[in-house]
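Engineer: The structure file structure25.cif (mmCIF, C-alpha atoms) is provided below.
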```cif
data_protein
loop_
_atom_site.label_atom_id
_atom_site.label_comp_id
_atom_site.auth_asym_id
_atom_site.auth_seq_id
_atom_site.Cartn_x
_atom_site.Cartn_y
_atom_site.Cartn_z
CA MET C 62 13.92 -30.95 3.27
CA ASP C 63 17.08 -32.98 3.85
CA ASP C 64 17.30 -35.58 6.64
CA SER C 65 19.13 -33.34 9.13
CA ALA C 66 16.52 -30.57 8.69
CA ALA C 67 13.70 -33.09 9.00
CA GLU C 68 15.11 -34.13 12.38
CA LEU C 69 14.70 -30.54 13.63
CA ALA C 70 11.28 -29.77 12.14
CA TRP C 71 8.19 -29.26 14.27
CA GLU C 72 4.88 -30.69 13.10
CA THR C 73 1.93 -28.28 13.17
CA LEU C 74 -1.10 -30.15 14.51
CA ASP C 75 -3.54 -27.24 14.63
CA THR C 76 -3.53 -23.46 14.22
CA ASP C 77 -5.85 -20.63 15.23
CA ILE C 78 -5.85 -16.86 15.71
CA ASP C 79 -5.93 -15.88 19.40
CA TYR C 80 -6.07 -12.12 18.81
CA ARG C 81 -6.70 -9.85 15.82
CA CYS C 82 -5.80 -6.18 15.51
CA PRO C 83 -5.00 -3.76 12.69
CA GLY C 84 -1.65 -4.71 11.18
CA PHE C 85 -1.15 -8.17 12.65
CA ASP C 86 -2.68 -11.16 14.39
CA VAL C 87 -1.38 -13.32 17.22
CA ARG C 88 -1.49 -16.94 16.09
CA ARG C 89 -1.27 -20.05 18.25
CA ASP C 90 -0.04 -23.28 16.69
CA GLU C 91 -0.31 -26.60 18.49
CA VAL C 92 2.98 -28.29 17.59
CA ARG C 93 4.74 -31.62 18.05
CA PHE C 94 8.47 -31.36 18.68
CA PRO C 95 10.97 -33.88 17.28
CA ASN C 96 11.05 -35.67 20.65
CA GLY C 97 7.26 -36.26 20.46
CA ASP C 98 6.20 -33.71 23.09
CA THR C 99 3.43 -31.25 22.16
CA ASP C 100 2.83 -27.64 23.19
CA GLY C 101 1.35 -24.36 22.02
CA TYR C 102 3.50 -21.82 20.22
CA HIS C 103 2.37 -18.19 19.80
CA TYR C 104 3.73 -15.81 17.20
CA VAL C 105 2.87 -12.61 15.37
CA ASP C 106 1.21 -13.34 12.01
CA GLU C 107 1.83 -10.35 9.76
CA ALA C 108 1.48 -9.51 6.09
CA PRO C 109 4.69 -9.10 4.09
CA ALA C 110 6.11 -5.56 4.07
CA VAL C 111 8.14 -3.35 1.77
CA VAL C 112 10.93 -1.08 3.00
CA VAL C 113 12.20 1.75 0.80
CA LEU C 114 15.61 3.47 0.91
CA PRO C 115 14.75 6.63 -1.09
CA LEU C 116 17.57 8.66 -2.65
CA THR C 117 17.08 12.08 -4.22
CA PRO C 118 18.87 13.02 -7.46
CA ASP C 119 21.49 14.74 -5.25
CA GLY C 120 22.11 11.53 -3.29
CA ASP C 121 20.35 12.62 -0.10
CA VAL C 122 18.04 10.20 1.71
CA VAL C 123 14.36 10.89 2.35
CA VAL C 124 13.88 9.90 5.98
CA ILE C 125 10.90 9.86 8.28
CA ASP C 126 10.59 10.58 11.97
CA GLU C 127 7.66 8.65 13.40
CA TRP C 128 6.20 8.08 16.84
CA ARG C 129 6.66 4.43 17.86
CA GLN C 130 4.40 3.54 20.76
CA ALA C 131 6.14 0.22 21.50
CA VAL C 132 9.38 2.00 22.42
CA GLY C 133 7.78 5.27 23.58
CA ARG C 134 9.72 7.66 21.37
CA ILE C 135 10.13 9.21 17.97
CA ASN C 136 12.11 6.92 15.71
CA ARG C 137 14.12 7.88 12.64
CA GLY C 138 13.52 5.50 9.76
CA ILE C 139 12.60 5.16 6.12
CA PRO C 140 9.24 4.47 4.46
CA ALA C 141 7.85 1.00 5.08
CA GLY C 142 4.51 -0.70 5.17
CA SER C 143 2.41 -3.76 4.57
CA VAL C 144 2.00 -5.21 1.11
CA GLU C 145 -1.67 -4.87 0.17
CA PRO C 146 -3.29 -7.97 -1.39
CA GLU C 147 -3.55 -6.26 -4.80
CA ASP C 148 0.23 -5.64 -4.73
CA ALA C 149 1.26 -9.18 -3.71
CA ASP C 150 2.56 -9.92 -7.22
CA ASP C 151 4.11 -6.47 -7.72
CA LEU C 152 6.31 -5.55 -4.77
CA GLU C 153 7.78 -2.60 -6.66
CA ARG C 154 4.28 -1.09 -6.93
CA ALA C 155 3.84 -1.64 -3.19
CA ALA C 156 7.16 0.13 -2.55
CA ALA C 157 6.11 3.08 -4.75
CA ARG C 158 2.78 3.31 -2.91
CA GLU C 159 4.42 3.33 0.54
CA LEU C 160 6.99 5.92 -0.55
CA ALA C 161 4.28 8.26 -1.85
CA GLU C 162 1.86 7.72 1.05
CA GLU C 163 4.40 8.32 3.80
CA THR C 164 6.65 10.97 2.23
CA GLY C 165 4.93 12.55 -0.77
CA TYR C 166 7.92 11.52 -2.92
CA GLU C 167 7.93 9.52 -6.14
CA ALA C 168 10.93 7.70 -7.61
CA ASP C 169 12.28 7.33 -11.15
CA ASP C 170 13.45 3.78 -10.51
CA PHE C 171 13.31 0.95 -7.98
CA GLU C 172 15.83 -1.82 -7.38
CA ARG C 173 15.36 -4.80 -5.08
CA LEU C 174 18.03 -4.95 -2.37
CA THR C 175 17.06 -8.02 -0.32
CA SER C 176 14.29 -9.83 1.54
CA VAL C 177 14.70 -10.76 5.20
CA GLU C 178 12.79 -12.38 8.06
CA PRO C 179 13.71 -9.86 10.76
CA THR C 180 12.24 -11.63 13.81
CA ASN C 181 11.54 -15.20 12.72
CA GLY C 182 11.65 -16.49 16.29
CA VAL C 183 8.49 -14.56 17.21
CA ALA C 184 6.94 -13.45 13.90
CA ASP C 185 6.38 -14.69 10.34
CA SER C 186 7.20 -11.23 8.92
CA VAL C 187 9.04 -10.92 5.61
CA HIS C 188 10.47 -7.51 4.69
CA HIS C 189 11.29 -6.77 1.05
CA HIS C 190 13.87 -3.96 0.83
CA PHE C 191 14.11 -1.65 -2.19
CA LEU C 192 16.36 1.17 -3.30
CA ALA C 193 14.39 4.04 -4.86
CA THR C 194 16.40 6.53 -6.91
CA GLY C 195 15.57 9.88 -8.45
CA CYS C 196 13.09 10.67 -5.67
CA GLU C 197 11.26 13.99 -5.96
CA PRO C 198 8.45 15.48 -3.82
CA THR C 199 5.61 15.17 -6.33
CA ALA C 200 2.94 13.02 -4.68
CA ASP C 201 0.27 13.73 -2.09
CA ARG C 202 0.88 12.08 1.28
CA ASP C 203 -1.84 9.74 2.49
CA LEU C 204 -1.05 8.74 6.06
CA ASP C 205 -2.99 6.08 7.91
CA HIS C 206 -5.05 7.30 10.87
CA ASN C 207 -2.42 5.96 13.30
CA GLU C 208 0.69 7.39 11.62
CA SER C 209 2.46 10.49 12.96
CA ILE C 210 5.25 11.15 10.47
CA ALA C 211 7.56 14.07 9.70
CA VAL C 212 9.64 13.95 6.49
CA GLU C 213 13.05 15.43 5.74
CA THR C 214 16.11 14.74 3.64
CA VAL C 215 19.57 14.09 5.07
CA PRO C 216 22.95 13.46 3.44
CA TYR C 217 23.46 9.72 2.87
CA ASP C 218 26.79 9.76 4.73
CA ASP C 219 25.03 11.21 7.80
CA LEU C 220 22.53 8.33 7.75
CA LEU C 221 25.36 5.80 7.33
CA GLU C 222 27.18 7.39 10.27
CA ALA C 223 24.00 7.06 12.34
CA VAL C 224 24.01 3.31 11.58
CA VAL C 225 27.59 3.01 12.84
CA ASP C 226 27.18 5.13 15.97
CA GLU C 227 23.80 3.53 16.83
CA GLY C 228 21.87 6.77 16.28
CA LEU C 229 19.69 4.91 13.77
CA ARG C 230 17.89 2.16 15.66
CA ASP C 231 15.18 1.16 13.18
CA GLY C 232 16.21 -2.33 12.05
CA ARG C 233 14.53 -1.98 8.66
CA ALA C 234 16.45 1.20 7.89
CA VAL C 235 19.74 -0.27 9.14
CA THR C 236 19.25 -3.35 6.94
CA ALA C 237 18.52 -1.21 3.86
CA VAL C 238 21.56 1.01 4.39
CA LEU C 239 23.89 -1.94 4.92
CA TRP C 240 22.61 -3.75 1.81
CA TYR C 241 23.03 -0.54 -0.18
CA GLU C 242 26.62 -0.35 1.08
CA LEU C 243 27.26 -3.97 0.07
CA LEU C 244 25.81 -3.61 -3.42
CA HIS C 245 26.64 -0.02 -4.42
CA ARG C 246 29.55 1.45 -2.52
#
```
Go through the file and emit its structure as structure tokens.
Structural biologist:
Amino acid sequence: MDDSAAELAWETLDTDIDYRCPGFDVRRDEVRFPNGDTDGYHYVDEAPAVVVLPLTPDGDVVVIDEWRQAVGRINRGIPAGSVEPEDADDLERAAARELAEETGYEADDFERLTSVEPTNGVADSVHHHFLATGCEPTADRDLDHNESIAVETVPYDDLLEAVVDEGLRDGRAVTAVLWYELLHR
């Protein structure tokens, strides 16, 4: 860490989990700020996740519609989920697993698009985005008990248009589409 970054850094004095639930924990760190003051800081402690932009051989996108309790509506998105401990060293395998579990599709190939920290002011989440190509409906879906998901394919240009006109509000899906645009179009 260079000197200017060191001047901004907080020192973690203690850490503990205040609340545990499936999918994430709420962690409280006792921190010392650069000015010497101390305070508690809460944030969501979450396993890394994979996000998959799945394209069929015809160039359509496999999308999911899923109930999202936090916003009280069905949300259009793309397959995503936590990286299981056994997949920590093989994110592509984690992406393939999430694609199959949520959609019933399998891909011929995976390509890493990017990794982002989508909400690093309130969470330690890291999302690893992948492009999956040659996707065909060949796998059995295996939804978690708390997933309500419908699957369909849409033309890629329709999904891109939904990003532009704010019809696609899922940040993970928007990030994947924009990275695909930057790298491939």
Engineer: Starting from the PyMOL selection byres ((chain C and resi 188) around 8), expand the selection into actual residues of this file and give them as a list in words.
Structural biologist: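 For this structure, the PyMOL selection byres ((chain C and resi 188) around 8) captures Pro109, Ala110, Val111, Val112, Ser176, Val177, Glu178, Pro179, Ser186, Val187, His189, His190 and Arg233 of chain C.
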Engineer: Filtering to C-alpha atoms, could you give me those residues as an mmCIF file, in the frame of the given file?
Structural biologist:
```cif
data_model
loop_
_atom_site.group_PDB
_atom_site.id
_atom_site.type_symbol
_atom_site.label_atom_id
_atom_site.label_comp_id
_atom_site.auth_asym_id
_atom_site.auth_seq_id
_atom_site.Cartn_x
_atom_site.Cartn_y
_atom_site.Cartn_z
ATOM 1 C CA PRO C 109 4.690 -9.100 4.090
ATOM 2 C CA ALA C 110 6.110 -5.560 4.070
ATOM 3 C CA VAL C 111 8.140 -3.350 1.770
ATOM 4 C CA VAL C 112 10.930 -1.080 3.000
ATOM 5 C CA SER C 176 14.290 -9.830 1.540
ATOM 6 C CA VAL C 177 14.700 -10.760 5.200
ATOM 7 C CA GLU C 178 12.790 -12.380 8.060
ATOM 8 C CA PRO C 179 13.710 -9.860 10.760
ATOM 9 C CA SER C 186 7.200 -11.230 8.920
ATOM 10 C CA VAL C 187 9.040 -10.920 5.610
ATOM 11 C CA HIS C 189 11.290 -6.770 1.050
ATOM 12 C CA HIS C 190 13.870 -3.960 0.830
ATOM 13 C CA ARG C 233 14.530 -1.980 8.660
#
```
Engineer: Translate the PyMOL selection byres ((chain C and resi 244) around 12), as applied to the file shown, into an explicit residue set as number ranges by chain.
Structural biologist: C: 172-175, 191-192, 237-243, 245-246
Engineer: If we count only C-alpha atoms, what is near Asp148 (chain C) at a cut-off of 12 Å, once residues fewer than 6 positions away on the same chain are taken out, given as a VMD selection string?
Structural biologist: chain C and resid 108 to 111 142 154 to 159
Engineer: Which one is closest to Ser143 (chain C): C:Asp169, C:Asp90, C:Asp205, C:Asp126? Count only C-alpha atoms.
Structural biologist: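 Of C:Asp169, C:Asp90, C:Asp205, C:Asp126, the one nearest Ser143 (chain C) is C:Asp205, counting only C-alpha atoms.
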Engineer: When the PyMOL selection byres ((chain C and resi 163) around 10) is applied to the structure above, which residues does it catch, written out as a list in words?
Structural biologist: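 That selection, the PyMOL selection byres ((chain C and resi 163) around 10), comes back as Val124, Ile125, Ile139, Pro140, Ala141, Gly142, Arg158, Glu159, Leu160, Ala161, Glu162, Thr164, Gly165, Tyr166, Ala200, Asp201, Arg202, Asp203, Leu204, Asp205, Glu208, Ser209, Ile210, Ala211 and Val212 of chain C.
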Engineer: Neighbours of region 80-88 of chain C within 8 Å (only C-alpha atoms; same-chain residues fewer than 4 positions away dropped), as a PDB file with C-alpha atoms, in the frame of the given file?
Structural biologist:
```pdb
ATOM      1  CA  THR C  76      -3.530 -23.460  14.220  1.00  0.00           C
ATOM      2  CA  HIS C 103       2.370 -18.190  19.800  1.00  0.00           C
ATOM      3  CA  TYR C 104       3.730 -15.810  17.200  1.00  0.00           C
ATOM      4  CA  VAL C 105       2.870 -12.610  15.370  1.00  0.00           C
ATOM      5  CA  ASP C 106       1.210 -13.340  12.010  1.00  0.00           C
ATOM      6  CA  GLU C 107       1.830 -10.350   9.760  1.00  0.00           C
ATOM      7  CA  ALA C 108       1.480  -9.510   6.090  1.00  0.00           C
ATOM      8  CA  SER C 143       2.410  -3.760   4.570  1.00  0.00           C
TER       9      SER C 143
END
```
Engineer: CA of Asp79 (chain C) to CA of Phe94 (chain C): how many Å, to one decimal?
Structural biologist: 21.2 Å
Engineer: Given the choices C:Ala131, C:Pro95, C:Pro198, C:Val144, which gets closest to Ala70 (chain C) if the distance is worked out from only C-alpha atoms?
Structural biologist: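 The closest residue to Ala70 (chain C) is C:Pro95.
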Engineer: Just the number, please: distance in Å from CA of Pro118 (chain C) to CA of Gly195 (chain C), one decimal.
Structural biologist: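 These two atoms are separated by 4.7 Å.
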Engineer: Please, what distance in Å, to one decimal, runs between CA of Pro115 (chain C) and CA of Pro146 (chain C)?
Structural biologist: 23.2 Å
Engineer: Between C:Gln130, C:Tyr102, C:Gly120, C:Arg137, which has the minimum distance to Asp218 (chain C) (counting all atoms listed in the file)?
Structural biologist: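 The shortest atom-to-atom distance to Asp218 (chain C) comes from C:Gly120.
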Engineer: Within 10 Å of Leu220 (chain C), counting all atoms listed in the file, which residues qualify if same-chain residues fewer than 3 places away don't, as a ChimeraX atom specification?
Structural biologist: /C:121-122,124,137-138,214-217,223-226,228-229,234-235,238
Engineer: C:Thr117, C:Gly101, C:Glu145, C:Asn96: which is nearest Leu74 (chain C), counting only C-alpha atoms?
Structural biologist: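 Smallest separation from Leu74 (chain C) among the options: C:Gly101.
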Engineer: Check the smallest atom-to-atom distance from each of C:Val123, C:Ile135, C:Ala168, C:Thr73 to Arg230 (chain C) using only C-alpha atoms, then report the winner.
Structural biologist: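 Using only C-alpha atoms, Arg230 (chain C) sits closest to C:Ile135.
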Engineer: Tell me which of C:Thr180, C:Asn207, C:Ser65, C:Thr236 sits closest to Trp128 (chain C), counting all atoms listed in the file.
Structural biologist: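 Under the stated criterion, the closest residue is C:Asn207.
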